[in-house]
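Asks: See target10.cif below, with mmCIF, C-alpha atoms.
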data_query
#
loop_
_atom_site.label_atom_id
_atom_site.label_comp_id
_atom_site.auth_asym_id
_atom_site.auth_seq_id
_atom_site.Cartn_x
_atom_site.Cartn_y
_atom_site.Cartn_z
CA MET A 317 143.46 26.16 -2.78
CA ALA A 318 145.55 27.43 0.13
CA ARG A 319 144.93 31.08 1.08
CA ARG A 320 147.90 33.41 1.00
CA PRO A 321 148.77 34.91 4.41
CA THR A 322 147.98 38.60 4.85
CA ILE A 323 149.19 41.42 7.08
CA LYS A 324 146.04 40.86 9.16
CA ASP A 325 147.09 37.22 9.76
CA ILE A 326 150.55 38.32 10.87
CA ALA A 327 149.12 40.99 13.18
CA ARG A 328 146.74 38.51 14.82
CA GLN A 329 149.42 35.86 15.41
CA ALA A 330 152.04 38.39 16.59
CA GLY A 331 149.55 40.15 18.85
CA VAL A 332 150.10 43.61 17.32
CA SER A 333 148.21 46.09 15.15
CA GLU A 334 148.23 45.92 11.35
CA SER A 335 149.98 49.29 11.23
CA ALA A 336 152.81 47.88 13.38
CA VAL A 337 153.16 44.99 10.92
CA SER A 338 153.34 47.45 8.01
CA PHE A 339 156.01 49.50 9.79
CA ALA A 340 158.08 46.41 10.59
CA LEU A 341 157.92 44.81 7.14
CA ASN A 342 158.67 48.07 5.32
CA ASP A 343 161.61 49.06 7.56
CA ARG A 344 159.83 52.16 8.86
CA PRO A 345 160.21 53.64 12.36
CA GLY A 346 157.39 53.26 14.87
CA VAL A 347 158.01 49.84 16.43
CA SER A 348 160.67 48.55 18.80
CA GLN A 349 163.45 46.24 17.66
CA ASP A 350 161.97 43.33 19.62
CA THR A 351 158.53 43.85 18.08
CA ARG A 352 160.05 44.20 14.60
CA ALA A 353 161.95 40.94 15.04
CA ARG A 354 158.83 39.13 16.33
CA ILE A 355 156.71 40.36 13.41
CA ARG A 356 159.30 39.29 10.84
CA ARG A 357 159.64 35.87 12.48
CA VAL A 358 155.88 35.35 12.32
CA ALA A 359 155.79 36.54 8.69
CA GLU A 360 158.48 34.02 7.78
CA GLU A 361 156.70 31.20 9.60
CA LEU A 362 153.47 31.99 7.73
CA GLY A 363 155.28 32.17 4.38
CA TRP A 364 154.22 35.75 3.76
CA GLN A 365 155.58 37.53 0.66
CA PRO A 366 154.97 41.15 -0.40
CA ASN A 367 152.30 41.74 -3.05
CA SER A 368 154.29 42.91 -6.08
CA ALA A 369 151.24 44.48 -7.74
CA ALA A 370 150.41 46.50 -4.64
CA ARG A 371 154.04 47.57 -4.29
CA ALA A 372 154.10 48.73 -7.90
CA LEU A 373 150.93 50.77 -7.41
CA SER A 374 152.49 52.45 -4.40
CA GLY A 375 155.51 53.49 -6.46
CA GLU A 376 157.86 50.77 -5.21
CA ARG A 377 159.75 48.38 -7.47
CA SER A 378 157.89 45.36 -8.78
CA GLY A 379 160.78 42.97 -8.13
CA ALA A 380 160.71 41.67 -11.72
CA VAL A 381 162.50 42.28 -15.01
CA GLY A 382 161.21 41.41 -18.47
CA LEU A 383 162.52 39.55 -21.51
CA VAL A 384 160.59 39.40 -24.79
CA LEU A 385 161.63 37.25 -27.76
CA ALA A 386 160.35 38.25 -31.19
CA ARG A 387 161.43 35.14 -33.06
CA PRO A 388 159.62 32.49 -35.09
CA ALA A 389 158.39 30.07 -32.44
CA HIS A 390 159.56 27.00 -34.39
CA THR A 391 163.19 28.18 -34.20
CA LEU A 392 163.29 28.45 -30.39
CA GLY A 393 162.67 24.84 -29.45
CA VAL A 394 165.80 23.55 -31.17
CA GLU A 395 168.28 26.39 -30.68
CA SER A 396 170.45 26.03 -27.58
CA PHE A 397 171.64 29.66 -27.49
CA PHE A 398 168.57 31.12 -25.80
CA LEU A 399 168.32 28.30 -23.26
CA GLN A 400 171.91 28.96 -22.18
CA LEU A 401 171.41 32.74 -22.23
CA VAL A 402 168.30 32.54 -20.04
CA SER A 403 170.02 30.14 -17.64
CA GLY A 404 172.76 32.73 -17.07
CA ILE A 405 170.21 35.52 -16.64
CA GLN A 406 168.17 33.46 -14.20
CA GLU A 407 171.25 32.54 -12.16
CA VAL A 408 171.89 36.21 -11.35
CA LEU A 409 168.24 37.19 -10.89
CA SER A 410 167.52 34.27 -8.56
CA ALA A 411 170.41 35.25 -6.31
CA ALA A 412 168.96 38.79 -6.20
CA ARG A 413 165.41 37.46 -5.54
CA THR A 414 164.23 39.13 -8.73
CA ALA A 415 161.67 37.46 -10.99
CA LEU A 416 162.01 37.08 -14.77
CA LEU A 417 158.86 37.82 -16.78
CA PHE A 418 159.29 36.07 -20.15
CA GLN A 419 157.17 36.31 -23.29
CA VAL A 420 157.48 35.17 -26.92
CA VAL A 421 155.80 37.28 -29.62
CA GLU A 422 155.45 37.22 -33.38
CA ASP A 423 157.33 40.37 -34.39
CA ILE A 424 158.96 43.60 -33.28
CA ASP A 425 155.66 45.53 -33.23
CA ALA A 426 154.18 43.01 -30.83
CA GLU A 427 157.31 43.26 -28.68
CA CYS A 428 156.95 47.04 -28.45
CA ALA A 429 153.30 46.60 -27.48
CA VAL A 430 154.37 44.33 -24.62
CA TYR A 431 156.80 46.97 -23.36
CA ARG A 432 154.06 49.61 -23.41
CA ARG A 433 151.70 47.33 -21.49
CA TRP A 434 154.32 46.35 -18.93
CA TRP A 435 155.19 50.02 -18.41
CA ALA A 436 151.54 51.05 -18.02
CA GLU A 437 150.85 48.21 -15.58
CA ARG A 438 154.21 48.64 -13.75
CA ARG A 439 154.82 44.94 -14.20
CA VAL A 440 158.62 45.17 -14.50
CA ASP A 441 161.39 47.43 -13.22
CA GLY A 442 163.47 47.05 -16.40
CA VAL A 443 163.93 44.85 -19.44
CA LEU A 444 166.59 42.81 -21.23
CA VAL A 445 166.45 43.39 -24.99
CA VAL A 446 167.78 40.72 -27.37
CA ASP A 447 168.34 40.60 -31.13
CA PRO A 448 169.15 44.29 -31.78
CA ARG A 449 168.16 45.50 -35.24
CA ILE A 450 170.12 47.84 -37.50
CA ARG A 451 167.17 50.27 -37.43
CA ASP A 452 165.67 49.40 -34.09
CA PRO A 453 162.63 51.19 -32.63
CA ARG A 454 163.01 49.65 -29.17
CA PRO A 455 165.78 51.75 -27.53
CA ALA A 456 163.96 54.99 -28.39
CA LEU A 457 160.65 53.60 -27.13
CA LEU A 458 162.16 52.37 -23.87
CA GLY A 459 163.86 55.73 -23.44
CA ARG A 460 160.58 57.59 -23.87
CA LEU A 461 158.91 55.26 -21.39
CA GLY A 462 161.78 55.70 -18.94
CA LEU A 463 162.05 51.92 -18.63
CA PRO A 464 165.66 50.88 -17.83
CA ALA A 465 167.02 48.41 -20.36
CA VAL A 466 170.08 46.42 -21.32
CA THR A 467 170.50 45.44 -24.97
CA ILE A 468 172.22 42.10 -25.48
CA GLY A 469 174.47 41.84 -28.54
CA GLU A 470 174.26 45.49 -29.59
CA PRO A 471 176.55 46.39 -32.52
CA GLU A 472 179.58 48.51 -31.75
CA THR A 473 178.09 51.53 -33.55
CA GLY A 474 174.80 51.23 -31.65
CA THR A 475 171.32 50.82 -33.05
CA GLN A 476 169.53 53.51 -35.05
CA PRO A 477 166.19 54.18 -33.33
CA GLU A 478 163.17 55.18 -35.32
CA PRO A 479 160.61 57.73 -34.11
CA GLY A 480 157.42 56.58 -32.50
CA PRO A 481 154.43 57.90 -30.53
CA GLU A 482 154.99 59.48 -27.15
CA PRO A 483 153.58 57.72 -24.06
CA ALA A 484 150.43 59.10 -22.50
CA THR A 485 152.21 60.41 -19.40
CA GLU A 486 155.57 62.01 -18.74
CA PRO A 487 158.33 59.34 -18.79
CA GLY A 488 161.43 59.14 -16.64
CA PRO A 489 164.97 59.46 -18.01
CA ALA A 490 166.24 57.02 -20.62
CA VAL A 491 168.61 54.40 -19.23
CA VAL A 492 169.87 51.97 -21.87
CA SER A 493 173.00 49.90 -21.27
CA SER A 494 174.46 47.22 -23.52
CA VAL A 495 176.37 43.96 -23.45
CA ARG A 496 178.36 43.37 -26.62
CA ALA A 497 180.05 40.47 -28.37
CA ASP A 498 183.05 40.64 -30.69
CA ASP A 499 181.50 39.05 -33.78
CA ALA A 500 184.15 40.62 -36.02
CA GLY A 501 186.95 38.98 -34.05
CA ALA A 502 185.11 35.66 -34.08
CA MET A 503 184.65 35.77 -37.85
CA ALA A 504 188.34 36.57 -38.25
CA GLN A 505 189.17 33.37 -36.36
CA VAL A 506 186.90 31.33 -38.64
CA LEU A 507 188.41 32.80 -41.81
CA ASP A 508 191.93 32.37 -40.46
CA HIS A 509 191.24 28.69 -39.88
CA LEU A 510 189.56 27.95 -43.21
CA HIS A 511 191.90 30.08 -45.31
CA GLY A 512 194.89 28.52 -43.57
CA LEU A 513 193.62 25.07 -44.55
CA GLY A 514 193.46 26.22 -48.18
CA HIS A 515 189.76 26.97 -48.65
CA ARG A 516 188.97 29.70 -51.18
CA ARG A 517 185.25 29.05 -51.81
CA ILE A 518 183.35 29.64 -48.59
CA VAL A 519 179.63 30.27 -47.98
CA HIS A 520 178.24 31.66 -44.74
CA ILE A 521 174.75 30.28 -43.96
CA ALA A 522 173.55 33.28 -41.97
CA GLY A 523 170.52 33.94 -39.76
CA LEU A 524 167.69 36.45 -39.97
CA PRO A 525 168.66 39.37 -42.23
CA GLY A 526 167.11 42.11 -40.08
CA LEU A 527 169.23 41.35 -37.01
CA ALA A 528 172.24 43.54 -36.27
CA HIS A 529 174.52 40.62 -35.46
CA THR A 530 173.62 38.89 -38.75
CA VAL A 531 174.59 42.02 -40.69
CA ARG A 532 177.71 42.44 -38.55
CA ARG A 533 178.84 38.86 -39.28
CA MET A 534 178.15 39.25 -43.00
CA ASP A 535 180.11 42.51 -43.10
CA SER A 536 182.96 40.93 -41.15
CA LEU A 537 183.04 37.99 -43.56
CA ARG A 538 183.41 40.33 -46.55
CA THR A 539 186.09 42.38 -44.80
CA GLU A 540 188.11 39.33 -43.75
CA ALA A 541 187.74 37.74 -47.20
CA ALA A 542 188.92 40.92 -48.96
CA ARG A 543 191.89 41.10 -46.59
CA ARG A 544 192.93 37.69 -47.90
CA GLY A 545 192.37 38.58 -51.54
CA LEU A 546 189.05 36.75 -51.87
CA GLY A 547 186.17 38.38 -53.75
CA PRO A 548 182.38 38.09 -53.43
CA ASP A 549 182.35 35.41 -56.11
CA GLN A 550 184.42 33.23 -53.75
CA VAL A 551 183.14 34.12 -50.27
CA ARG A 552 179.54 35.18 -49.58
CA SER A 553 176.56 34.87 -47.24
CA VAL A 554 173.01 33.59 -47.66
CA VAL A 555 170.30 34.32 -45.09
CA THR A 556 167.86 31.97 -43.35
CA ASP A 557 165.52 31.99 -40.35
CA TYR A 558 167.94 29.99 -38.13
CA SER A 559 165.86 26.81 -38.43
CA ASP A 560 167.19 23.38 -39.34
CA ALA A 561 164.78 23.28 -42.31
CA GLU A 562 166.09 26.50 -43.88
CA GLY A 563 169.66 25.58 -42.99
CA ALA A 564 169.24 22.31 -44.85
CA ALA A 565 167.52 24.00 -47.82
CA ALA A 566 170.28 26.62 -48.11
CA THR A 567 172.91 23.88 -47.99
CA ARG A 568 171.24 22.01 -50.85
CA ARG A 569 171.09 25.15 -52.97
CA VAL A 570 174.72 26.17 -52.60
CA LEU A 571 176.05 22.64 -53.04
CA ALA A 572 174.05 22.27 -56.28
CA GLU A 573 175.70 25.35 -57.84
CA PRO A 574 178.50 25.14 -60.38
CA GLY A 575 181.79 25.37 -58.51
CA PRO A 576 180.21 24.71 -55.10
CA PRO A 577 181.86 25.88 -51.88
CA THR A 578 184.40 23.71 -50.14
CA ALA A 579 183.54 25.18 -46.71
CA LEU A 580 180.31 26.23 -45.03
CA VAL A 581 179.99 28.44 -41.94
CA TYR A 582 176.63 28.20 -40.14
CA ASP A 583 175.23 30.84 -37.78
CA ASN A 584 174.10 28.25 -35.23
CA ASP A 585 174.64 24.65 -34.22
CA VAL A 586 171.26 23.39 -35.42
CA MET A 587 171.78 24.55 -39.01
CA ALA A 588 175.32 23.15 -38.99
CA VAL A 589 174.09 19.70 -37.97
CA ALA A 590 171.31 19.89 -40.59
CA GLY A 591 173.89 20.88 -43.23
CA SER A 592 176.12 17.97 -42.27
CA ALA A 593 173.16 15.61 -42.71
CA VAL A 594 172.43 17.06 -46.17
CA ALA A 595 176.06 16.54 -47.20
CA ALA A 596 175.88 12.90 -46.10
CA GLU A 597 172.65 12.41 -48.03
CA LEU A 598 174.25 13.86 -51.17
CA GLY A 599 177.29 11.63 -50.79
CA ILE A 600 179.63 14.56 -50.06
CA PRO A 601 182.10 13.49 -47.38
CA VAL A 602 182.82 15.82 -44.47
CA PRO A 603 185.59 16.93 -44.27
CA GLY A 604 186.95 15.11 -47.33
CA ARG A 605 185.15 17.38 -49.82
CA LEU A 606 183.33 19.83 -47.55
CA SER A 607 184.39 21.50 -44.32
CA ILE A 608 181.76 22.70 -41.81
CA VAL A 609 182.02 25.28 -39.01
CA ALA A 610 179.27 26.06 -36.48
CA TRP A 611 179.08 29.55 -34.96
CA ASP A 612 177.81 28.30 -31.57
CA ASP A 613 179.21 25.20 -29.93
CA SER A 614 176.83 22.80 -28.20
CA ALA A 615 176.39 19.13 -27.32
CA LEU A 616 174.99 18.65 -30.83
CA CYS A 617 178.31 19.70 -32.34
CA ARG A 618 180.22 17.32 -30.09
CA VAL A 619 178.08 14.20 -30.64
CA THR A 620 177.57 14.56 -34.42
CA HIS A 621 179.83 12.43 -36.60
CA PRO A 622 182.17 13.88 -37.56
CA ARG A 623 182.34 16.24 -34.59
CA LEU A 624 181.87 19.82 -35.76
CA THR A 625 184.45 22.57 -35.57
CA ALA A 626 182.74 25.37 -33.64
CA LEU A 627 183.12 28.72 -31.91
CA VAL A 628 183.09 28.16 -28.17
CA ARG A 629 181.72 31.01 -26.09
CA ASP A 630 180.27 31.37 -22.62
CA THR A 631 176.65 32.08 -23.56
CA ALA A 632 175.45 31.65 -19.97
CA GLY A 633 178.14 34.15 -18.96
CA PHE A 634 176.74 36.53 -21.59
CA GLY A 635 173.36 36.29 -19.83
CA ARG A 636 174.95 36.81 -16.42
CA LEU A 637 176.68 39.98 -17.63
CA ALA A 638 173.40 41.37 -18.95
CA ALA A 639 171.48 40.61 -15.75
CA GLU A 640 174.26 42.06 -13.57
CA GLU A 641 174.29 45.25 -15.64
CA LEU A 642 170.52 45.68 -15.40
CA LEU A 643 170.50 45.12 -11.64
CA ALA A 644 173.34 47.63 -11.28
CA VAL A 645 171.33 50.24 -13.19
CA LEU A 646 168.21 49.50 -11.13
CA ALA A 647 170.31 50.03 -8.00
CA GLY A 648 171.10 53.57 -9.19
CA GLY A 649 174.28 53.02 -11.20
CA PRO A 650 174.96 54.77 -14.52
CA PRO A 651 174.26 53.00 -17.82
CA GLY A 652 177.32 51.34 -19.28
CA VAL A 653 178.77 48.96 -21.84
CA ARG A 654 180.07 45.51 -20.96
CA ILE A 655 182.06 43.33 -23.35
CA SER A 656 181.60 39.58 -23.25
CA GLU A 657 184.43 37.07 -23.29
CA GLN A 658 186.08 36.59 -26.69
CA PRO A 659 184.87 33.36 -28.38
CA ARG A 660 187.52 30.84 -29.40
CA LEU A 661 187.45 28.47 -32.34
CA GLU A 662 187.63 24.78 -31.43
CA PRO A 663 188.88 22.81 -34.47
CA ARG A 664 187.41 19.31 -34.68
CA GLU A 665 186.97 16.60 -37.32
CA SER A 666 184.62 18.58 -39.64
CA THR A 667 187.35 20.82 -41.10
CA ALA A 668 190.34 19.80 -43.22
CA PRO A 669 192.15 20.98 -46.37
CA PRO A 670 189.97 20.86 -49.50
CA PRO A 671 190.71 18.37 -52.27
CA ALA A 672 193.73 19.60 -54.24
CA HIS A 673 191.85 19.93 -57.54
CA THR A 674 189.09 22.16 -56.12
CA GLU A 675 191.22 25.14 -55.03
CA SER A 676 193.74 25.46 -57.83
#
What's the structure tokens form of this structure?
Replies:
Amino acid sequence: MARRPTIKDIARQAGVSESAVSFALNDRPGVSQDTRARIRRVAEELGWQPNSAARALSGERSGAVGLVLARPAHTLGVESFFLQLVSGIQEVLSAARTALLFQVVEDIDAECAVYRRWWAERRVDGVLVVDPRIRDPRPALLGRLGLPAVTIGEPETGTQPEPGPEPATEPGPAVVSSVRADDAGAMAQVLDHLHGLGHRRIVHIAGLPGLAHTVRRMDSLRTEAARRGLGPDQVRSVVTDYSDAEGAAATRRVLAEPGPPTALVYDNDVMAVAGSAVAAELGIPVPGRLSIVAWDDSALCRVTHPRLTALVRDTAGFGRLAAEELLAVLAGGPPGVRISEQPRLEPRESTAPPPAHTES
């Protein structure tokens, strides 16, 4: 295994003392401009990089930010949302030469434990927090730790933190920013489209019930349905874990009910494709007897037959916004709120008017 170059190696090759190398690489006075330039040239030739652990112990930034996902592992491999989100985050961090420390855990308690460990070990300078909960312990914990954070997809009213134990040492100030999405406006577009086609029996196949955006979408569905004179017996939501298996199972259940829905709205592309497959298996033509809408557009929606009507949004741009906000806070800026681009509904072949006899 190749040995990493050290300050001693740079000093020997540049013909200077180790203290001169330290001064030059840390932008401190004590060496001439010519010597500083020579030391940096040698360091680059040797491929030297600063030791992030040592920098953290000395009180400097670690040069890394963290992202923890508390989701069932089997739902992550097939869902395109997180891949696109992380690609946007990584695009910004790479340009800023900042590393992304990524970890998947079982639940919210394990996620909080990771934050405590990262804080104690000074592994990250800040964190990106996904999947806000309605009663979410994470913002309060991060505030007590003094660990800068940006919540991605926070509801407009904010999360409701729960109390927790204080850290062992005095924390810094709380810095929690957010990047938000207009789920209410997106749901209004979906209901406008389906209601305009004539659908009056609509079921929303939602995601995990503890997530703030799931609750926000369900609330928006009820509000938009009531605005159009539709009651809970006509328009409702059922929750799942976002997986294709539960999406398919929920589809079977609602289509087997008396007076089944004529339109289904799925909280991700994977469940929508699974639901379309179930309809085909049951001999229910899409969109002849059943219309399908996917919340997140993806290649899956565009290659499935029929192609699925979907909400198109810049998920990578969502990640870029979050990373830019966190870097701005780490650079000394105030915490703020950024609003992502409004999604737009892309009608395709999976939605059409319901059969005349079903919506009399």
Asks: Please provide the set of residues having any atom within 7 Å of segment 619-634 of chain A, restricted to only C-alpha atoms, with same-chain residues fewer than 3 positions apart removed, written as a PDB file with C-alpha atoms, keeping the file's coordinate frame.
Replies:
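Final file, out-v1.pdb:
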ATOM      1  CA  PHE A 397     171.640  29.660 -27.490  1.00  0.00           C
ATOM      2  CA  GLN A 400     171.910  28.960 -22.180  1.00  0.00           C
ATOM      3  CA  LEU A 401     171.410  32.740 -22.230  1.00  0.00           C
ATOM      4  CA  SER A 403     170.020  30.140 -17.640  1.00  0.00           C
ATOM      5  CA  GLY A 404     172.760  32.730 -17.070  1.00  0.00           C
ATOM      6  CA  ILE A 608     181.760  22.700 -41.810  1.00  0.00           C
ATOM      7  CA  VAL A 609     182.020  25.280 -39.010  1.00  0.00           C
ATOM      8  CA  ALA A 610     179.270  26.060 -36.480  1.00  0.00           C
ATOM      9  CA  TRP A 611     179.080  29.550 -34.960  1.00  0.00           C
ATOM     10  CA  ASP A 612     177.810  28.300 -31.570  1.00  0.00           C
ATOM     11  CA  ASP A 613     179.210  25.200 -29.930  1.00  0.00           C
ATOM     12  CA  ALA A 615     176.390  19.130 -27.320  1.00  0.00           C
ATOM     13  CA  LEU A 616     174.990  18.650 -30.830  1.00  0.00           C
ATOM     14  CA  LEU A 637     176.680  39.980 -17.630  1.00  0.00           C
ATOM     15  CA  ALA A 638     173.400  41.370 -18.950  1.00  0.00           C
ATOM     16  CA  SER A 656     181.600  39.580 -23.250  1.00  0.00           C
ATOM     17  CA  PRO A 659     184.870  33.360 -28.380  1.00  0.00           C
ATOM     18  CA  ARG A 660     187.520  30.840 -29.400  1.00  0.00           C
ATOM     19  CA  LEU A 661     187.450  28.470 -32.340  1.00  0.00           C
ATOM     20  CA  GLU A 662     187.630  24.780 -31.430  1.00  0.00           C
ATOM     21  CA  PRO A 663     188.880  22.810 -34.470  1.00  0.00           C
ATOM     22  CA  ARG A 664     187.410  19.310 -34.680  1.00  0.00           C
ATOM     23  CA  GLU A 665     186.970  16.600 -37.320  1.00  0.00           C
ATOM     24  CA  SER A 666     184.620  18.580 -39.640  1.00  0.00           C
ATOM     25  CA  THR A 667     187.350  20.820 -41.100  1.00  0.00           C
TER      26      THR A 667
END
Asks: Return the single residue from A:Val581, A:Arg552, A:Ala566, A:Pro671 that is closest to Arg605 of chain A, with distances computed using all atoms listed in the file.
Replies: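 Going through A:Val581, A:Arg552, A:Ala566, A:Pro671 one by one, the smallest distance to Arg605 of chain A is for A:Pro671.
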Asks: Report, in Å with one decimal, the straight-line distance from atom CA of Leu606 of chain A to atom CA of Asp508 of chain A.
Replies: 16.8 Å
Asks: Tell me which of A:Asp325, A:Glu427, A:Asp535, A:Asp585 sits closest to Val445 of chain A, counting all atoms listed in the file.
Replies: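 Counting all atoms listed in the file, the residue closest to Val445 of chain A is A:Glu427.
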Asks: Excluding Arg569 of chain A and residues on its chain fewer than 6 positions from it, collect all residues at most 12 Å away from it, counting all atoms listed in the file, and give them as a ChimeraX atom specification.
Replies: /A:519,521,554,562-563,576-577,591,594-595,598
Asks: Put those residues in a file: C-alpha atoms, as a PDB file, keeping the file's coordinate frame.
Replies:
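The result, stored in out12.pdb:
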ATOM      1  CA  VAL A 519     179.630  30.270 -47.980  1.00  0.00           C
ATOM      2  CA  ILE A 521     174.750  30.280 -43.960  1.00  0.00           C
ATOM      3  CA  VAL A 554     173.010  33.590 -47.660  1.00  0.00           C
ATOM      4  CA  GLU A 562     166.090  26.500 -43.880  1.00  0.00           C
ATOM      5  CA  GLY A 563     169.660  25.580 -42.990  1.00  0.00           C
ATOM      6  CA  PRO A 576     180.210  24.710 -55.100  1.00  0.00           C
ATOM      7  CA  PRO A 577     181.860  25.880 -51.880  1.00  0.00           C
ATOM      8  CA  GLY A 591     173.890  20.880 -43.230  1.00  0.00           C
ATOM      9  CA  VAL A 594     172.430  17.060 -46.170  1.00  0.00           C
ATOM     10  CA  ALA A 595     176.060  16.540 -47.200  1.00  0.00           C
ATOM     11  CA  LEU A 598     174.250  13.860 -51.170  1.00  0.00           C
TER      12      LEU A 598
END
Asks: Give me the residues within 7 Å of Leu385 of chain A as number ranges by chain, counting only C-alpha atoms and dropping any in the same chain fewer than 2 places off.
Replies: A: 383, 387, 419-421
